[in-house]
Number of protein chains: 4
Amino acid sequence: MPQTIHPDYAARVEALAARLDATAIARDRAGGSALHERGLLRESGLLPLSVPRVYGGQEAPWPLLLHIVRRLAEVDSSLAHLYAFQHLQVATVLLFACPAQQERLLRGTQEHNWFWGNAMNAVNNQAIATPVDGGFTVSGVKAFCSGATDSDMLMLSAQRADGTGLIVAGVPSSRAGIDIRQDWDNMGQRQTDSGTVAFDKLFIADEEVLGPPGPLSTPRSTLRPVLAQLILVNLYLGIARGALDSALAHTRDSGRPWPWSGIEHIEDEPYVLQRYAEYWVDLKAAARLGDDAAEAFQHAWNAGEALTEAQRGEVAIQVAEAKILATRTGLAITSGIFEQLGARATAAKLGFDRYWRNLRTHTLHDPLDYKKRDLGRWLLTGDVPKPSFYA
Amino acid sequence: MPQTIHPDYAARVEALAARLDATAIARDRAGGSALHERGLLRESGLLPLSVPRVYGGQEAPWPLLLHIVRRLAEVDSSLAHLYAFQHLQVATVLLFACPAQQERLLRGTQEHNWFWGNAMNAVNNQAIATPVDGGFTVSGVKAFCSGATDSDMLMLSAQRADGTGLIVAGVPSSRAGIDIRQDWDNMGQRQTDSGTVAFDKLFIADEEVLGPPGPLSTPRSTLRPVLAQLILVNLYLGIARGALDSALAHTRDSGRPWPWSGIEHIEDEPYVLQRYAEYWVDLKAAARLGDDAAEAFQHAWNAGEALTEAQRGEVAIQVAEAKILATRTGLAITSGIFEQLGARATAAKLGFDRYWRNLRTHTLHDPLDYKKRDLGRWLLTGDVPKPSFYA
Amino acid sequence: MPQTIHPDYAARVEALAARLDATAIARDRAGGSALHERGLLRESGLLPLSVPRVYGGQEAPWPLLLHIVRRLAEVDSSLAHLYAFQHLQVATVLLFACPAQQERLLRGTQEHNWFWGNAMNAVNNQAIATPVDGGFTVSGVKAFCSGATDSDMLMLSAQRADGTGLIVAGVPSSRAGIDIRQDWDNMGQRQTDSGTVAFDKLFIADEEVLGPPGPLSTPRSTLRPVLAQLILVNLYLGIARGALDSALAHTRDSGRPWPWSGIEHIEDEPYVLQRYAEYWVDLKAAARLGDDAAEAFQHAWNAGEALTEAQRGEVAIQVAEAKILATRTGLAITSGIFEQLGARATAAKLGFDRYWRNLRTHTLHDPLDYKKRDLGRWLLTGDVPKPSFYA
Amino acid sequence: MPQTIHPDYAARVEALAARLDATAIARDRAGGSALHERGLLRESGLLPLSVPRVYGGQEAPWPLLLHIVRRLAEVDSSLAHLYAFQHLQVATVLLFACPAQQERLLRGTQEHNWFWGNAMNAVNNQAIATPVDGGFTVSGVKAFCSGATDSDMLMLSAQRADGTGLIVAGVPSSRAGIDIRQDWDNMGQRQTDSGTVAFDKLFIADEEVLGPPGPLSTPRSTLRPVLAQLILVNLYLGIARGALDSALAHTRDSGRPWPWSGIEHIEDEPYVLQRYAEYWVDLKAAARLGDDAAEAFQHAWNAGEALTEAQRGEVAIQVAEAKILATRTGLAITSGIFEQLGARATAAKLGFDRYWRNLRTHTLHDPLDYKKRDLGRWLLTGDVPKPSFYA
C-alpha cells in the first residue's frame, strides 16, 4: 500500500508529520485550537500548494495534495482536516470565482501564505444575506465552521434573503461582523475548530460575491462537493492507516500471546494474524479505490468547463464508492485493533481510542446510506447523482 | 427485553441509577476516583445484598444481583463494575473460605457495610507471598486492582514463593504494607480505580489465608472465575442497553431525516429503522443468553459441594456463549448508533462516545477468541473448559 | 440448545425424522412430490395433532407443534414445511370459521386424517370469487400453493369480484374446478409442491365461506399471519440446526487439519473452533428468541377473542425479532460450514448444499427489511405493525 | 469496473461467452463432461493463447488471459476453469521444463491445439513413481483432476517412491496406464471434470520428467502455485460479477417493490439500492486488487530466473490479498442477491443458485485462513510465505 508523495515534497511532509505526531495524543485530550501546530502548517510552505502557477503557485495536482492529507491524517487527523480544507477553499475560488476574484484571492494566498477557514455548512445554515447598497449584509449563525479560528481568510456562504439561492464569498476573517466562537468541544476531530461563526451585519461587497460562474452553476462548479467528499475519503483512509500501523508497531514491540493460548510467539498467534490480515486487505482495497477516485477527479478537473454532467456524475460515483469502503473499513479497524492490542493498550497515554473517535465523528459528515442510495440507483438506472452540497 | 429487578429493591436501584446518571458524563471526562458516588453506593444499602442470611444478610440471588449490575451499567458502567466486584469478593469468601473466615468476613461486610476492593489479577502478577512466622509477607505489585481505592477491605492473591500456588486473603485495605496507587487513567471504565497496588512486606496471618477449601480446589470453588465472567457479561449488556436506549431517546427527541432524503419524519427513515431493529434484536438475544447463564449459575451455586466438574463446565460454557454475543453486539451498537444520531450527537457534552470506550476497554479483560476456542472444542469433543482464572 | 418434544410424541417424531432423513438427499435432487413421505406423515398419527379436544383431537400446544416442525426441518425442510402448513390450515379454521364450520372441518381432519394443502398466497393472487346463486364461483390462478398436491382438503382464498375483500374456504381438493399443477421446480424447498393451482369456476357454497368472524376481522383472527411467520422461524431454525449438526458430525468423523497448518488434530484447529463457536452461539440465541416467540404466541392464542390489538402486535414483534435472527444466522451457517468441511464435502452425494438452498429459498417468503422497518418503528414510536397477510 | 480484453480477442471471447451462456443453466443441472462446449473452446482458437512466440504462439500476457478467464466465468465458471487450467499447464511447462521439453510440448500445443488436463493435486495424492529402466512407472489414484476428461495431454505429478520429492510430466492422455474416471458429481463447478484419475503402471520416460529446473526448484519455478491461486481469484471474481450483473438485469427487467412497502418504483426501493451499492463497491475493490495482482505477477514472470525469493513472495502476498477479498465478497454477493430478487427468482430454470454453488465449491480449494495467516505474519515480521503447492 505505497503512499507516494512526490519527492519534491516528501521530506517537508514527513518533517511536519513527525512534529504533529509528537504531541497529537496530548492535544487530542486538550482539545481547543492548535495554534502552535497551525503555525507549523504555515511554516511548512505547504499551505499554498494548490495555487495555480498562473498566480505564482505550484499547482500541485489533487492526487498529490490528497496523499499529503492522508499522510498527515495518519498522525493527526484534526490538523490534516484543516490542511485539506485550506485547499478546498482554494478550489472554491477556482470553481466559483471570476478571473479577477481568482487573481486577488489566490495570488493573496500565495503571497501572504493565507490560511483559510470556512463557514460553508449547508445543513445548519441560518446565515441570511440581505441586499444593501453595494452588496449584502450577512447575519445569523453557522455551525461546523472548520478552520475558522485563527484563519486569515474565511470562505462563507449565506442564503439570499429573497430565497433565490446562495452567495459565497471569501473575506478577511478579521472583518467587522464576524464572531468566530471557539465552542467546538466534540468527541473527535477535536482540534478542527469546527465550532460556530456568528455573523452580525457582515458587509459583503457585490464584487466579493463569487462568480460568475458562482456556486453549483455548471458541471465544473459542482466539483466542489465532490472534492469535499474526496477529502473526507482521504482523511478516513489516513486515520485508518494510522490506527493499523500504530497497532502493528505496538504488537511487534510488546505483543504477547495470551498466557493460556499455548502459543509462544505473537507472530504465531492465529487470531491476531487473521485479524491483521483482514484489516490490511480491506484498507488496501479502500485506498485503491481512493487513489482511483483521486485520479478520476483530476481528470475531470483538467476538463475545465468542457466537463459534462455525466462525466461529473461518474466521478461523484467513484468518490462515493471509495467513501463507502473507507468508512466501513476504517470503523472496523479503529474499533477492532484493540482485540490484538489487549487491555493494557487502553491506557490513556497511548491514545489508541482517538482513531475511532476521530473517524466516528468525521464519518457522520453526511449519511453514507444516501451515498449508497445514489450508487444503487446509478447501477439500476444509469442516472448519476444530482449535484448538491453533499453529492 | 424486560429487566426485572425484584420490587423489594427496584426503587432503591432506580434512585441510585438516577443519581449516578446525573453526573456520569462529567465524571467520565474527569476520571479518577468517584468518592462521592462510592458513598452513594454505601448509603444505598445495596452493598451487602449478597451476604447470606446466616450472616445476617439478604442472600439476594445472583440473577437479581446481576440485573442490578446491568441496570447500573446502563448509566454508569464504572460504578456498576465496582458494585459488581463487591459481590465477587463476597463470593470469593463463600467459595474459598472456611466457615470461621466466612463468619468473620461476611458478618463484617453486613454489619460494617464494608466496600470491598480487589488485587486478584492473575496475568500481571508480581506479588509474592513468603512464609514467615505465623503467616506470610507479601511484596510486589499487582495491576488492574479495580475498586481498591477507598475500599474498606481488599481481597488479594499472591504467588507462594515456593511456586506451589496461590494464597488468597481478605484484609483491611488500611493495613501497613498496602499502597493503593491512584494511577488508573485509561480510555474507558475510567472510574473503576483499576490501577496498581504495591505490597511491601504486607503481613498475612495463617488464619487469614482463605481455606479450606481455598482457591480452585473443588469444582464449586472454581465457580469464582465463572462468576467474574458472568459479571462481565452483565456489564457489557448494561453498557449496550444504555447506549441503545439513550440513542433511541435522542432520535425520538431530536432526530431529523437527512434533508435530501425525501423523508419527512424520522419514524419513516428506512435506514434508521433498519439499524435500530438489528441492534435491538441482537441485544435482546444477548440479554436472553445472559439471563439463561445467570439462572444456570444460580443452579450450580445451589448445588454446593455436590457440583461436578461437568456441571461446572456446562455453566462456564453458557457464560462464554453469552459473553461472545454480548461483546459482539455491544461493540456493534456502541459504535453504530452514531449513524442514526448524526454529527451533532458527537458533542462532548452528550457523552455518547463513553459507551464505546467503556465497552471496548472492558471487553479486553480476556481474549474472546479463547472463549470461542473452548466452546468450539466442547462442540467437537464434549470436553468442557479446564477451570482457570479466566475460564 | 435442548429441543424438548414432549415424551408422548418424541418417539414418533424421531422415528419419522429418521425415515425422512434416510432419503432426503436423494429426494432433494429428484424434486417433485414426495408421495411416499407424505404417506409417512399420514401414518405417523401426527397430522391431526393440533385439532382441539372438543373435536376429538389432542390440542397439542403451539410450542410443541413448532418444535416438531423444527425437528423435522433438521432433516427434511420440505416435508417439515408441509407438516407445518397442515397446522396452519387447522389454525385458519380455528381463527376464521364459525363453530359449525369448525365442527365439520376439524372433526373431519381428526376422523379422516385429512392432509391439508393451501392456495392462500396474497401477493400473486389472480383468483376471483364471483357471487352466484348460493355461493361463489372462483376462477383464476394462484402461485406458491404449498402442499396442494396430494392433499385431501384445500384451504383457499380469492378476491371478491366487487373488491370488498377476501373469501376463504376449505374444500375437498378433488372438487371440480380445481387444477393442482405440479409445476414447482425451484432451487430449494423442492418437495413442498409449492406450484400453482388453477381454478375454473370452482363452486364455493355460502356456508363454506369461513366466518364469522372471517379473515383478519378481529385481533384474534389476525393471528394467522403471525402463526405463518412463526412457522417460518421454526423452519429456518431447523434447517440451520440440521446444517450445523451435520457439519459438526462430519468434522468429528472425518475432519483433518490443513496439511500445512502445523496442527495435528482437528479439535485444535483454531479457525474451525472459532467458526463453530460463533455459529453455535448465534443459533442458540436465535432458537431462544424463537422459543420465546412461540410461548408468547400460545399466550395470545389462549386469550381468545379478548386479545387486544396491542397484545397481538407485541407477539408479532416478537416473531419478527426471532425471524430476523433466524434468517441471518441460518444463512451464515448454511453457507459458512463449508469452510470447516473442506472441498471434499462438496460431493453431491453428501448434500450439504441443500441446507443453504432450502433456507435461501424459504427466507424470501417476504422481505426481512420490512420486518425490520416494523420493528424499528415500534422502537421509536411504540406503534405495533398493522396486521396484514405478512405482519 | 471495466473489464478490458484486448480488441484482438474481444470479439472471439464474447462470441464464445455468448454460446456458453446460452446453455450454462441446463448444463449445470446435467453435470458431467461438457464435450460440446470443450469443442467450442477448441474451435475458438483461444486455447493456445499462452504459448510463447518462439514456439509459434501468441504469448498473450497473463493479465489478458486472466481477464478472459474472468469473462468466461461470468457465464460458465466450469468451462472458464477448464480454460484457465489449460494455461496453467502451459505455464507448468514454461516453469518446470527444460528447453527441449518446452519445444516439444508447447509447439505441440500450438500446432495440434492440444487441450490439457491435469492430475497434479498435492493433498490427495496416492500416485507413486517407481524407477524402472529408462524412466518410471506411476501407479495410484489422484483426486480433483480438473480437465482430465476429453483432454489431449495430461500434466501429472507423482511422489517418487524413495520419498525424494515429485516428478512432473506431461503425457498424452490416451497413454496406456491412465484411467480417467468420470466420477465428478459435486454441488458446484459441475462441469470441470474434477474427478479421479487412476494410474496403473503408467510409463514415464526419463526425458519426459520435467526439468531442469523441475518443480519448486527456483523462485521462478515456484510461480506455478502463485499462478494457480491467481486463476482462482479470477474465477471467483468472474462468478461474483456474473451473479451481480444477472441480478441487476433481473431487477431492472422484473423487479417490483414489496406491495406493502409504500414504494412504487424499484429504483426507489431503499434496501435494494443499499445492497446493490455495497455489493458493487466490494466487488469493484476486489477486482482492483485482482488486477493489481495480475500486473505484479506478469512483472515477476518477466523477471525470469532473476526473480528473487522476496520478489516472488511479494507477488504471492498480493495474490493472497486479492483472494481474501474476492472470496468474501463473492460469497456475500452470490448468497445476498436473492434479497433483491425475491422468491420467484428461486425458480430452477433461472439458475441463480449456481453462482453460490460454484463459488462455494471452488473457494474450498485451499483454506483462506491460512492465506490470512501468511499475510498476518508478513505484516508483523516481513517474512513472505514459504513457497508450497498452495502458497
# chains A, B, ... in the order shown; residues from 1 in each chain; ligands from 1
$ closest_atom_pairs --of "chain C" --to "chain A" --cutoff "10 Å" --atoms "only C-alpha atoms" --output "tab-separated table"
residue	atom	partner	partner_atom	distance
C:Glu269	CA	A:Pro270	CA	9.7
C:Pro270	CA	A:Pro270	CA	6.9
C:Tyr271	CA	A:Pro270	CA	7.9
C:Gln274	CA	A:Tyr271	CA	9.1
$ residues_around --residues "B:Gln229" --least-positions-apart "4" --cutoff "7 Å" --atoms "only C-alpha atoms" --output "ChimeraX atom specification"
/B:225,233,319
$ residues_around --residues "B:Trp184" --least-positions-apart "4" --cutoff "6 Å" --atoms "only C-alpha atoms" --output "list in words"
Asp193, Ser194 and Gly195 of chain B
$ write_last_selection --atoms "all heavy atoms" --output "PDB file, in the first residue's frame"
ATOM      1  N   ASP B 193     -11.091   2.771  39.208  1.00  0.00           N
ATOM      2  CA  ASP B 193      -9.917   2.704  40.105  1.00  0.00           C
ATOM      3  C   ASP B 193      -9.113   1.424  39.855  1.00  0.00           C
ATOM      4  O   ASP B 193      -8.645   0.794  40.809  1.00  0.00           O
ATOM      5  CB  ASP B 193     -10.369   2.730  41.566  1.00  0.00           C
ATOM      6  CG  ASP B 193     -11.164   3.976  41.917  1.00  0.00           C
ATOM      7  OD1 ASP B 193     -10.720   5.079  41.584  1.00  0.00           O
ATOM      8  OD2 ASP B 193     -12.229   3.828  42.543  1.00  0.00           O
ATOM      9  N   SER B 194      -8.954   1.072  38.593  1.00  0.00           N
ATOM     10  CA  SER B 194      -8.309  -0.222  38.312  1.00  0.00           C
ATOM     11  C   SER B 194      -6.794  -0.113  38.186  1.00  0.00           C
ATOM     12  O   SER B 194      -6.175  -0.744  37.328  1.00  0.00           O
ATOM     13  CB  SER B 194      -8.903  -0.816  37.033  1.00  0.00           C
ATOM     14  OG  SER B 194     -10.293  -1.024  37.179  1.00  0.00           O
ATOM     15  N   GLY B 195      -6.206   0.697  39.053  1.00  0.00           N
ATOM     16  CA  GLY B 195      -4.763   0.909  38.988  1.00  0.00           C
ATOM     17  C   GLY B 195      -3.980  -0.175  39.704  1.00  0.00           C
ATOM     18  O   GLY B 195      -4.463  -1.286  39.930  1.00  0.00           O
TER      19      GLY B 195
END
$ select_by_dssp --residues "stretch 100-263 of chain C" --states "alpha helix (DSSP H)" --output "PyMOL selection string"
chain C and resi 100-112+223-254
$ residues_around --residues "A:Gly177" --least-positions-apart "3" --cutoff "6 Å" --atoms "only C-alpha atoms" --output "list of chain:residue names"
A:Phe199, A:Asp200, A:Lys201, A:Leu202
$ residues_around --residues "B:Pro259" --least-positions-apart "6" --cutoff "12 Å" --atoms "only C-alpha atoms" --output "PDB file with C-alpha atoms, in the first residue's frame"
ATOM      1  CA  ALA A 122     -25.306  23.808   4.109  1.00  0.00           C
ATOM      2  CA  VAL A 123     -27.383  21.880   6.617  1.00  0.00           C
ATOM      3  CA  ASN A 124     -27.173  24.048   9.701  1.00  0.00           C
ATOM      4  CA  ASP A 366     -23.242  13.230   5.769  1.00  0.00           C
ATOM      5  CA  PRO A 367     -25.085   9.905   5.874  1.00  0.00           C
ATOM      6  CA  TYR A 370     -27.601   8.192   0.893  1.00  0.00           C
ATOM      7  CA  SER A 388     -25.940  19.046  -4.259  1.00  0.00           C
ATOM      8  CA  PHE A 389     -23.813  20.213  -1.380  1.00  0.00           C
ATOM      9  CA  TYR A 390     -23.185  16.629  -0.433  1.00  0.00           C
TER      10      TYR A 390
ATOM     11  CA  HIS B 265     -40.487  12.046   9.596  1.00  0.00           C
ATOM     12  CA  ILE B 266     -37.703  10.252  11.366  1.00  0.00           C
ATOM     13  CA  GLU B 269     -36.422   6.853   7.736  1.00  0.00           C
TER      14      GLU B 269
END
$ residues_around --residues "A:Leu364" --least-positions-apart "6" --cutoff "12 Å" --atoms "only C-alpha atoms" --output "JSON, numbers by chain"
{"A": [144, 188, 189, 229, 232, 236, 323, 327, 331, 357, 358, 370], "B": [258, 335, 336, 337, 338, 339, 340, 341, 342, 343, 344, 345, 346]}
$ atom_distance --atom1 "atom CA of C:Val75" --atom2 "atom CA of C:Thr329"
17.9 Å
